[in-house]
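Enquirer: I'd like to ask some things about the structure below.
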Amino acid sequence: MWDVIQDILINVLLILFPVLFYLVFLRESVSIRQNQWVSKFTIILFVSLLLTMLFPASYTEGFSYDLRIIPIIVAFLYGGALPGFILVCSMLCFSLVIDPDSFLSNLGNYLFISIILTKFKNFYHRQTIYFKAFLISLFYMSIGVTRLIYVVKIQSTVELSFIFYLTLITWVTLLAVIFIIENMENQLIMQRELEHVEKMNTISQLAAAVAHEIRNPMTTVRGFLQMLNSSGTVSDHDKSYIKISIEELDRAQAIINDYLSISKPSKGGIEQFDLTKVLHDSIQIITAYAAVNNIHITSDIAPSLKLFGFKHEIQQVLMNIMKNGIEAMKAGQTLDVSACEKQNMIEIVIKDHGCGIPKDELKWLGTAYFTNKENGTGLGLAVSYEIIKRMQGKIDVQSQVNVGTTFTIHVPSHPKQAEPVNEKAYSESSPTGSLKA
């Protein structure tokens, strides 16, 4: 018996070591893990799967045990359907060579497991780490129970004690892998948050140092330009230059407002407001701009949507994204706006049918100064991302070049707390952050 447990502990090492090696030296983003046919994550789990199947623990003649289930579960939950099915197909091919008699039973069992994990993944990732451990324990224990029932059915009770110990070791190993991955990914998120905070602190210090000194001379220059423009001694030709100068000063003022809004929001409280009305009002405001560009706006907004947050700021987010969508499209195209509530989350979808955003540029959206507009600064979307983040929400972007871009805003309808922002600065800020490729 102890020889068998030693063999299974070697399987545990063959699972844990590759996972730790990947998390320390080969870590990838979630998008790469889920979308690439052959990612480092898939290769590492493939190696673990192969090694566990090549070195199983044999406890009686005709009965062997390995930990192949762990790489498969991890692949589905943390890689997605593509890595998961790659591992399942690989496992079936190996079993056909190593143990052809069990191929059909493996095919049925793991096909069922694959379907369950694929449907289960989205719900799983919405939970806390401890509830994830509870869910995965229930899932694996159900597999262990079916194995025990099978052993009892074939009247092979001598294996019951072995199966109990091996199932316990597998369960503990699975939980260990889950906790390692979750903690390492949380550390990565915290590291990125720390870098973001440091960056914002630097911006805040710079903004506080120069904003006041810049605004005063700008206000003076603008005042004198207005006086010159209203005087009768300036020709119409020169007045056109003055008008351009005033517009550029106003644009510089808007950039400073955006800059300060990102770096140092003021204190204030949140409120519950009618999001449905805010959405309709925002669409009504932007409709005039859309009409100038010959763009049509369609809306499908659920009635009586309520939201705790910053009313003026969420309207600014909507205006920024809708304006970008309009500017990304050609005349005659349509901007689609919809909103609904799903499981205590407000989901706002703004979809254009414009030029789209290249895949390698999507990761930079929301970063200050990233823009494809000739006269843009990229601060508009940066402000929008900060607002949604302070409301404990997120913005997901899907885009395809020459097809269009979809912004999906997820905000909790009842957040625990939210960081206040500067209402005046946001209301004055100029929506930038182009969607043009």
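Residues are named by chain letter and number: chains run A, B, ... in the order of the structure tokens, numbers start at 1 in each chain, and ligands are numbered from 1 in the order shown.
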Run DSSP on the backbone and give me the residues of range 207-363 of chain A it puts in strand (DSSP E or B), as a PyMOL selection string.
Expert: chain A and resi 271-274+296-301+306-309+334-342+345-352
Enquirer: Got a sec: who's within 10 Å of Val278 in chain A, counting only C-alpha atoms, leaving out chain neighbours fewer than 2 positions off, as number ranges by chain?
Expert: A: 273-276, 280-284, 305, 311-312, 314-315, 318
Enquirer: Can you tell me which residues surround range 135-140 of chain A at a distance of at most 8 Å, considering only C-alpha atoms, apart from same-chain residues fewer than 4 positions away, and format the answer as a list of chain:residue names?
Expert: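 Those residues are A:Tyr124, A:Phe131, A:Gly144, A:Trp171, A:Leu175.
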Enquirer: Enumerate, as an MDAnalysis selection string, the complete set of residues in range 112-333 of chain A that a backbone-based DSSP assignment places in helix (DSSP H, G or I).
Expert: chainID A and resid 112:125 129:153 157:230 236:263 275:292 311:328
Enquirer: For Ile10 in chain A, which residue among A:Ser39, A:Ser48, A:Gln343, A:Thr405 is the nearest when counting only C-alpha atoms?
Expert: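 Going through A:Ser39, A:Ser48, A:Gln343, A:Thr405 one by one, the smallest distance to Ile10 in chain A is for A:Ser48.
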Enquirer: Within 6 Å of range 288-298 of chain A, counting only C-alpha atoms, which residues qualify if same-chain residues fewer than 3 places away don't, as a list in words?
Expert: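 The residues satisfying every condition are Ala331, Gly332, Gln333, Thr334, Leu335 and Asp336 of chain A.
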Enquirer: Would you write out those residues with all heavy atoms, as a JSON list (two decimals), in the first residue's frame?
Expert:
[["chain", "number", "residue", "atom", "x", "y", "z"],
["A", 331, "ALA", "N", -20.38, 57.54, -42.99],
["A", 331, "ALA", "CA", -21.76, 58.03, -43.09],
["A", 331, "ALA", "C", -22.70, 56.89, -43.46],
["A", 331, "ALA", "O", -22.39, 56.04, -44.30],
["A", 331, "ALA", "CB", -21.83, 59.14, -44.15],
["A", 332, "GLY", "N", -23.86, 56.89, -42.80],
["A", 332, "GLY", "CA", -24.88, 55.89, -43.09],
["A", 332, "GLY", "C", -24.84, 54.67, -42.19],
["A", 332, "GLY", "O", -25.76, 53.85, -42.22],
["A", 333, "GLN", "N", -23.80, 54.54, -41.36],
["A", 333, "GLN", "CA", -23.70, 53.38, -40.49],
["A", 333, "GLN", "C", -24.45, 53.65, -39.17],
["A", 333, "GLN", "O", -24.94, 54.75, -38.93],
["A", 333, "GLN", "CB", -22.23, 53.03, -40.23],
["A", 333, "GLN", "CG", -21.52, 52.54, -41.48],
["A", 333, "GLN", "CD", -20.09, 52.11, -41.22],
["A", 333, "GLN", "OE1", -19.35, 52.80, -40.54],
["A", 333, "GLN", "NE2", -19.70, 50.98, -41.80],
["A", 334, "THR", "N", -24.49, 52.61, -38.31],
["A", 334, "THR", "CA", -25.35, 52.67, -37.11],
["A", 334, "THR", "C", -24.55, 52.39, -35.85],
["A", 334, "THR", "O", -23.69, 51.50, -35.82],
["A", 334, "THR", "CB", -26.49, 51.62, -37.23],
["A", 334, "THR", "OG1", -27.23, 51.88, -38.41],
["A", 334, "THR", "CG2", -27.42, 51.70, -36.03],
["A", 335, "LEU", "N", -24.86, 53.16, -34.82],
["A", 335, "LEU", "CA", -24.32, 52.93, -33.48],
["A", 335, "LEU", "C", -25.41, 52.30, -32.63],
["A", 335, "LEU", "O", -26.51, 52.85, -32.50],
["A", 335, "LEU", "CB", -23.85, 54.25, -32.87],
["A", 335, "LEU", "CG", -23.23, 54.16, -31.46],
["A", 335, "LEU", "CD1", -21.84, 53.53, -31.53],
["A", 335, "LEU", "CD2", -23.15, 55.55, -30.82],
["A", 336, "ASP", "N", -25.12, 51.14, -32.05],
["A", 336, "ASP", "CA", -26.11, 50.41, -31.25],
["A", 336, "ASP", "C", -25.79, 50.56, -29.76],
["A", 336, "ASP", "O", -24.65, 50.30, -29.34],
["A", 336, "ASP", "CB", -26.12, 48.92, -31.62],
["A", 336, "ASP", "CG", -26.39, 48.70, -33.10],
["A", 336, "ASP", "OD1", -27.26, 49.40, -33.63],
["A", 336, "ASP", "OD2", -25.71, 47.85, -33.72]]
Enquirer: Let me make sure I understand: among A:Ser399, A:Asp352, A:Cys340, A:Val74, which one has the smallest atom-to-atom distance to Thr118 in chain A if we use only C-alpha atoms?
Expert: A:Val74
Enquirer: Under the rule that only C-alpha atoms are counted, which of A:Leu67, A:Ile387, A:Leu54, A:Ile326 is the nearest residue to Ile8 in chain A?
Expert: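 Closest to Ile8 in chain A of all the choices is A:Leu67.
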Enquirer: Tell me, as a PyMOL selection string, which residues lie within 9 Å of range 84-96 of chain A, counting only C-alpha atoms; anything in the same chain fewer than 6 positions away does not count.
Expert: chain A and resi 37+42+45-46+49-50+53+68+71-77+102-103+106-107+110-111+114+117-118
Enquirer: What gap, in Å, lies between CA of Val97 in chain A and CA of Ile69 in chain A?
Expert: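 For CA of Val97 in chain A relative to CA of Ile69 in chain A, the distance reads 18.1 Å.
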Enquirer: Between A:Ile348, A:Leu104, A:Leu13, A:Val317, single out the one closest to Ala382 in chain A, counting only C-alpha atoms.
Expert: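 For Ala382 in chain A, the nearest of the candidates is A:Val317.
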Enquirer: Do you have the CA of Val411 in chain A-CA of Gly393 in chain A distance handy?
Expert: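 Those two atoms sit 4.2 Å apart.
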Enquirer: For the atom pair CA of Ile321 in chain A and CA of Glu195 in chain A, what is the interatomic distance in Å to one decimal place?
Expert: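 These two atoms are separated by 25.7 Å.
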Enquirer: Tell me which of A:Gly380, A:Pro412, A:Gly108, A:Pro217 sits closest to Ile346 in chain A, counting only C-alpha atoms.
Expert: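 Smallest distance to Ile346 in chain A is found for A:Pro412.
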Enquirer: Determine, counting only C-alpha atoms, which protein, DNA and RNA residues have an atom within 7 Å of an atom of range 25-36 of chain A; residues of the same chain fewer than 5 positions away are not included. Present the result as JSON, numbers by chain.
Expert: {"A": [41, 79, 80, 82]}
